[in-house]
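Listing of start.txt; format and content: compact mmCIF, N, CA and C atoms.
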# COMPACT_ATOMS: atom_id res chain seq x y z
N VAL A 236 0.83 -1.19 0.00
CA VAL A 236 0.00 0.00 0.00
C VAL A 236 0.88 1.25 0.00
N ALA A 237 1.90 1.26 0.83
CA ALA A 237 2.77 2.44 0.93
C ALA A 237 3.47 2.74 -0.40
N GLU A 238 3.74 1.71 -1.19
CA GLU A 238 4.43 1.90 -2.47
C GLU A 238 3.46 2.18 -3.61
N GLY A 239 2.16 2.14 -3.33
CA GLY A 239 1.17 2.43 -4.35
C GLY A 239 0.77 1.27 -5.23
N VAL A 240 1.28 0.08 -4.93
CA VAL A 240 0.88 -1.09 -5.72
C VAL A 240 -0.58 -1.42 -5.45
N LEU A 241 -0.98 -1.26 -4.19
CA LEU A 241 -2.38 -1.44 -3.80
C LEU A 241 -2.95 -0.09 -3.40
N ASP A 242 -4.25 0.05 -3.60
CA ASP A 242 -4.99 1.24 -3.19
C ASP A 242 -4.48 2.51 -3.86
N GLY A 243 -4.13 2.38 -5.13
CA GLY A 243 -3.70 3.55 -5.89
C GLY A 243 -4.89 4.38 -6.34
N GLU A 244 -4.62 5.31 -7.22
CA GLU A 244 -5.68 6.18 -7.72
C GLU A 244 -6.81 5.37 -8.34
N SER A 245 -6.45 4.37 -9.15
CA SER A 245 -7.43 3.45 -9.74
C SER A 245 -7.16 2.06 -9.20
N LEU A 246 -8.23 1.36 -8.83
CA LEU A 246 -8.07 -0.01 -8.35
C LEU A 246 -7.61 -0.90 -9.50
N ASN A 247 -6.75 -1.86 -9.18
CA ASN A 247 -6.23 -2.76 -10.20
C ASN A 247 -6.47 -4.22 -9.80
N ALA A 248 -5.96 -5.14 -10.59
CA ALA A 248 -6.17 -6.57 -10.33
C ALA A 248 -5.66 -6.97 -8.96
N ALA A 249 -4.53 -6.43 -8.55
CA ALA A 249 -3.98 -6.76 -7.23
C ALA A 249 -4.93 -6.33 -6.12
N ASP A 250 -5.54 -5.16 -6.27
CA ASP A 250 -6.52 -4.72 -5.27
C ASP A 250 -7.65 -5.73 -5.13
N PHE A 251 -8.14 -6.22 -6.27
CA PHE A 251 -9.28 -7.13 -6.24
C PHE A 251 -8.88 -8.54 -5.82
N GLN A 252 -7.61 -8.88 -5.87
CA GLN A 252 -7.15 -10.17 -5.38
C GLN A 252 -6.82 -10.10 -3.90
N ILE A 253 -6.05 -9.13 -3.51
CA ILE A 253 -5.53 -9.06 -2.14
C ILE A 253 -6.49 -8.33 -1.21
N ALA A 254 -6.92 -7.15 -1.59
CA ALA A 254 -7.77 -6.36 -0.70
C ALA A 254 -9.09 -7.05 -0.41
N THR A 255 -9.64 -7.76 -1.38
CA THR A 255 -10.90 -8.46 -1.12
C THR A 255 -10.69 -9.63 -0.16
N SER A 256 -9.53 -10.26 -0.21
CA SER A 256 -9.22 -11.33 0.76
C SER A 256 -9.07 -10.75 2.17
N ILE A 257 -8.44 -9.59 2.27
CA ILE A 257 -8.32 -8.92 3.56
C ILE A 257 -9.70 -8.50 4.05
N ARG A 258 -10.54 -8.06 3.12
CA ARG A 258 -11.91 -7.67 3.50
C ARG A 258 -12.66 -8.87 4.05
N LEU A 259 -12.47 -10.04 3.47
CA LEU A 259 -13.08 -11.26 3.99
C LEU A 259 -12.59 -11.52 5.42
N ALA A 260 -11.30 -11.33 5.67
CA ALA A 260 -10.76 -11.52 7.02
C ALA A 260 -11.41 -10.55 8.01
N CYS A 261 -11.85 -9.40 7.52
CA CYS A 261 -12.50 -8.42 8.40
C CYS A 261 -13.89 -8.85 8.84
N THR A 262 -14.44 -9.91 8.26
CA THR A 262 -15.72 -10.42 8.74
C THR A 262 -15.52 -11.23 10.02
N LEU A 263 -14.28 -11.56 10.34
CA LEU A 263 -13.97 -12.30 11.58
C LEU A 263 -13.79 -11.29 12.71
N GLN A 264 -14.68 -11.33 13.69
CA GLN A 264 -14.60 -10.38 14.80
C GLN A 264 -13.27 -10.47 15.53
N ASP A 265 -12.65 -11.64 15.51
CA ASP A 265 -11.34 -11.81 16.16
C ASP A 265 -10.26 -10.97 15.47
N LEU A 266 -10.34 -10.82 14.17
CA LEU A 266 -9.28 -10.17 13.40
C LEU A 266 -9.55 -8.72 13.04
N LYS A 267 -10.81 -8.37 12.86
CA LYS A 267 -11.17 -7.04 12.36
C LYS A 267 -10.50 -5.89 13.11
N PRO A 268 -10.46 -5.90 14.45
CA PRO A 268 -9.85 -4.76 15.15
C PRO A 268 -8.37 -4.56 14.83
N PHE A 269 -7.70 -5.62 14.39
CA PHE A 269 -6.27 -5.53 14.09
C PHE A 269 -6.01 -5.14 12.64
N ILE A 270 -7.06 -5.06 11.83
CA ILE A 270 -6.91 -4.80 10.40
C ILE A 270 -7.45 -3.43 9.99
N VAL A 271 -8.63 -3.07 10.47
CA VAL A 271 -9.37 -1.93 9.89
C VAL A 271 -8.62 -0.61 9.88
N ASP A 272 -7.82 -0.33 10.87
CA ASP A 272 -7.13 0.97 10.92
C ASP A 272 -5.79 0.99 10.20
N ARG A 273 -5.37 -0.14 9.68
CA ARG A 273 -4.11 -0.20 8.93
C ARG A 273 -4.37 0.21 7.48
N PRO A 274 -3.35 0.61 6.77
CA PRO A 274 -3.55 0.99 5.36
C PRO A 274 -4.21 -0.12 4.53
N ILE A 275 -3.85 -1.37 4.76
CA ILE A 275 -4.47 -2.45 3.98
C ILE A 275 -5.94 -2.61 4.35
N GLY A 276 -6.29 -2.31 5.59
CA GLY A 276 -7.69 -2.35 5.99
C GLY A 276 -8.51 -1.30 5.27
N LYS A 277 -7.97 -0.11 5.19
CA LYS A 277 -8.64 0.97 4.47
C LYS A 277 -8.77 0.63 2.98
N ALA A 278 -7.73 0.02 2.42
CA ALA A 278 -7.77 -0.40 1.02
C ALA A 278 -8.83 -1.48 0.81
N ALA A 279 -8.92 -2.39 1.77
CA ALA A 279 -9.90 -3.47 1.66
C ALA A 279 -11.32 -2.93 1.66
N PHE A 280 -11.60 -1.97 2.55
CA PHE A 280 -12.95 -1.39 2.60
C PHE A 280 -13.23 -0.53 1.37
N ARG A 281 -12.20 0.04 0.78
CA ARG A 281 -12.40 0.81 -0.45
C ARG A 281 -12.71 -0.13 -1.62
N ALA A 282 -11.97 -1.23 -1.72
CA ALA A 282 -12.16 -2.16 -2.83
C ALA A 282 -13.48 -2.92 -2.72
N CYS A 283 -13.90 -3.15 -1.50
CA CYS A 283 -15.11 -3.96 -1.29
C CYS A 283 -15.88 -3.43 -0.08
N PRO A 284 -16.55 -2.30 -0.23
CA PRO A 284 -17.19 -1.66 0.93
C PRO A 284 -18.38 -2.43 1.50
N ASP A 285 -19.13 -3.11 0.66
CA ASP A 285 -20.35 -3.79 1.11
C ASP A 285 -20.16 -5.30 1.08
N TYR A 286 -19.44 -5.80 2.06
CA TYR A 286 -19.15 -7.23 2.14
C TYR A 286 -19.93 -7.78 3.31
N SER A 287 -20.91 -8.61 3.05
CA SER A 287 -21.73 -9.12 4.15
C SER A 287 -20.99 -10.23 4.89
N GLY A 288 -21.35 -10.38 6.13
CA GLY A 288 -20.77 -11.44 6.96
C GLY A 288 -20.25 -10.89 8.26
N ASP A 289 -20.47 -11.65 9.31
CA ASP A 289 -20.01 -11.28 10.64
C ASP A 289 -19.82 -12.57 11.43
N VAL A 290 -18.58 -12.97 11.61
CA VAL A 290 -18.27 -14.22 12.29
C VAL A 290 -17.89 -13.92 13.73
N PRO A 291 -18.65 -14.46 14.69
CA PRO A 291 -18.34 -14.20 16.10
C PRO A 291 -16.95 -14.69 16.48
N PRO A 292 -16.42 -14.18 17.58
CA PRO A 292 -15.10 -14.62 18.04
C PRO A 292 -15.06 -16.14 18.22
N ALA A 293 -14.01 -16.76 17.72
CA ALA A 293 -13.89 -18.21 17.82
C ALA A 293 -12.44 -18.68 17.96
N LEU A 294 -11.48 -17.81 17.66
CA LEU A 294 -10.08 -18.22 17.70
C LEU A 294 -9.57 -18.27 19.14
N PRO A 295 -8.69 -19.22 19.44
CA PRO A 295 -8.12 -19.30 20.79
C PRO A 295 -7.37 -18.01 21.13
N ALA A 296 -7.52 -17.56 22.36
CA ALA A 296 -6.89 -16.31 22.81
C ALA A 296 -5.39 -16.32 22.59
N GLU A 297 -4.75 -17.47 22.77
CA GLU A 297 -3.29 -17.51 22.61
C GLU A 297 -2.87 -17.26 21.16
N TRP A 298 -3.72 -17.54 20.21
CA TRP A 298 -3.40 -17.25 18.81
C TRP A 298 -3.38 -15.74 18.56
N LEU A 299 -4.21 -15.03 19.29
CA LEU A 299 -4.34 -13.58 19.08
C LEU A 299 -3.40 -12.78 19.97
N ALA A 300 -2.76 -13.42 20.93
CA ALA A 300 -1.87 -12.72 21.86
C ALA A 300 -0.79 -11.90 21.14
N PRO A 301 -0.10 -12.45 20.13
CA PRO A 301 0.92 -11.64 19.45
C PRO A 301 0.33 -10.37 18.80
N LEU A 302 -0.88 -10.46 18.29
CA LEU A 302 -1.52 -9.28 17.69
C LEU A 302 -1.83 -8.24 18.76
N ARG A 303 -2.33 -8.71 19.90
CA ARG A 303 -2.64 -7.78 21.00
C ARG A 303 -1.38 -7.11 21.51
N GLU A 304 -0.31 -7.89 21.66
CA GLU A 304 0.96 -7.34 22.14
C GLU A 304 1.50 -6.30 21.17
N SER A 305 1.43 -6.61 19.89
CA SER A 305 1.90 -5.68 18.86
C SER A 305 1.08 -4.40 18.87
N ALA A 306 -0.24 -4.54 19.02
CA ALA A 306 -1.12 -3.37 19.04
C ALA A 306 -0.86 -2.51 20.27
N SER A 307 -0.63 -3.14 21.42
CA SER A 307 -0.41 -2.35 22.63
C SER A 307 0.96 -1.67 22.61
N SER A 308 1.97 -2.31 22.03
CA SER A 308 3.28 -1.66 21.96
C SER A 308 3.27 -0.53 20.93
N ALA A 309 2.48 -0.66 19.88
CA ALA A 309 2.37 0.40 18.87
C ALA A 309 1.64 1.61 19.44
N ALA A 310 0.70 1.36 20.35
CA ALA A 310 -0.06 2.45 20.94
C ALA A 310 0.74 3.20 22.01
N ALA A 311 1.76 2.55 22.55
CA ALA A 311 2.54 3.17 23.63
C ALA A 311 3.52 4.20 23.13
Would you write out, as structure tokens, the structure that this file holds?
Amino acid sequence: VAEGVLDGESLNAADFQIATSIRLACTLQDLKPFIVDRPIGKAAFRACPDYSGDVPPALPAEWLAPLRESASSAAA
């Protein structure tokens, strides 16, 4: 995204391959908070704004621990 390959002025094939997959990941309540505010999250919502689906939390907490740690250290 930072280099302009994704989420450029005009959406391209890479946007529709990668950003839509990231958008699908955003339907997982476990992952969405770690994605939406990042540049790829914004690109995903731009490429596919109306993506239905909402999957309740289901992943083991220990799988998400590295994401939580990364998010808390980035916020500090």
Per DSSP on the backbone, what are the helix (DSSP H, G or I) residues of chain A, as a PyMOL selection string? chain A and resi 248-260+267-270+274-282+296-310
Restricting the calculation to only C-alpha atoms: of A:Leu294, A:Leu299, A:Leu263, A:Ile257, which residue gets closest to Phe280 (chain A)?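 Using only C-alpha atoms, the shortest distance to Phe280 (chain A) belongs to A:Ile257.
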Taking only C-alpha atoms into account, which of A:Gly276, A:Arg281, A:Asp289, A:Glu297 comes nearest Ser245 (chain A)?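 Smallest separation from Ser245 (chain A) among the options: A:Arg281.
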In Å to one decimal, how far is CA of Asp285 (chain A) from CA of Leu302 (chain A)?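 Atom-to-atom, CA of Leu302 (chain A) and CA of Asp285 (chain A) are spaced 25.7 Å apart.
Here CA of Val271 (chain A) stands at a distance of 21.0 Å from CA of Ala248 (chain A).
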To one decimal in Å, tell me the separation between atom N of Asn247 (chain A) and atom C of Val290 (chain A).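 Answer for the atom N of Asn247 (chain A) to atom C of Val290 (chain A) separation: 28.2 Å.
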Taking only N, CA and C atoms into account, which of A:Ala279, A:Ala300, A:Pro284, A:Ala309 comes nearest Ser256 (chain A)?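 Counting only N, CA and C atoms, the residue closest to Ser256 (chain A) is A:Ala279.
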Might you pull out every residue within 8 Å of Tyr286 (chain A), with only N, CA and C atoms counted and same-chain residues fewer than 6 positions away left off, and present them as a PyMOL selection string? chain A and resi 258-259+262+280
Those residues with N, CA and C atoms, as a compact mmCIF listing (two decimals), in the coordinates of the input please?
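part_19.txt, freshly written:
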# COMPACT_ATOMS: atom_id res chain seq x y z
N ARG A 258 -10.54 -8.06 3.12
CA ARG A 258 -11.91 -7.67 3.50
C ARG A 258 -12.66 -8.87 4.05
N LEU A 259 -12.47 -10.04 3.47
CA LEU A 259 -13.08 -11.26 3.99
C LEU A 259 -12.59 -11.52 5.42
N THR A 262 -14.44 -9.91 8.26
CA THR A 262 -15.72 -10.42 8.74
C THR A 262 -15.52 -11.23 10.02
N PHE A 280 -11.60 -1.97 2.55
CA PHE A 280 -12.95 -1.39 2.60
C PHE A 280 -13.23 -0.53 1.37
So, counting all atoms listed in the file, which residue among A:Ala293, A:Leu241, A:Ile270, A:Ala310 is closest to Ala254 (chain A)? A:Leu241
Across A:Ala306, A:Ala296, A:Ala237, A:Ile275, the smallest distance to Ala260 (chain A), with only C-alpha atoms counted, is shown by A:Ile275
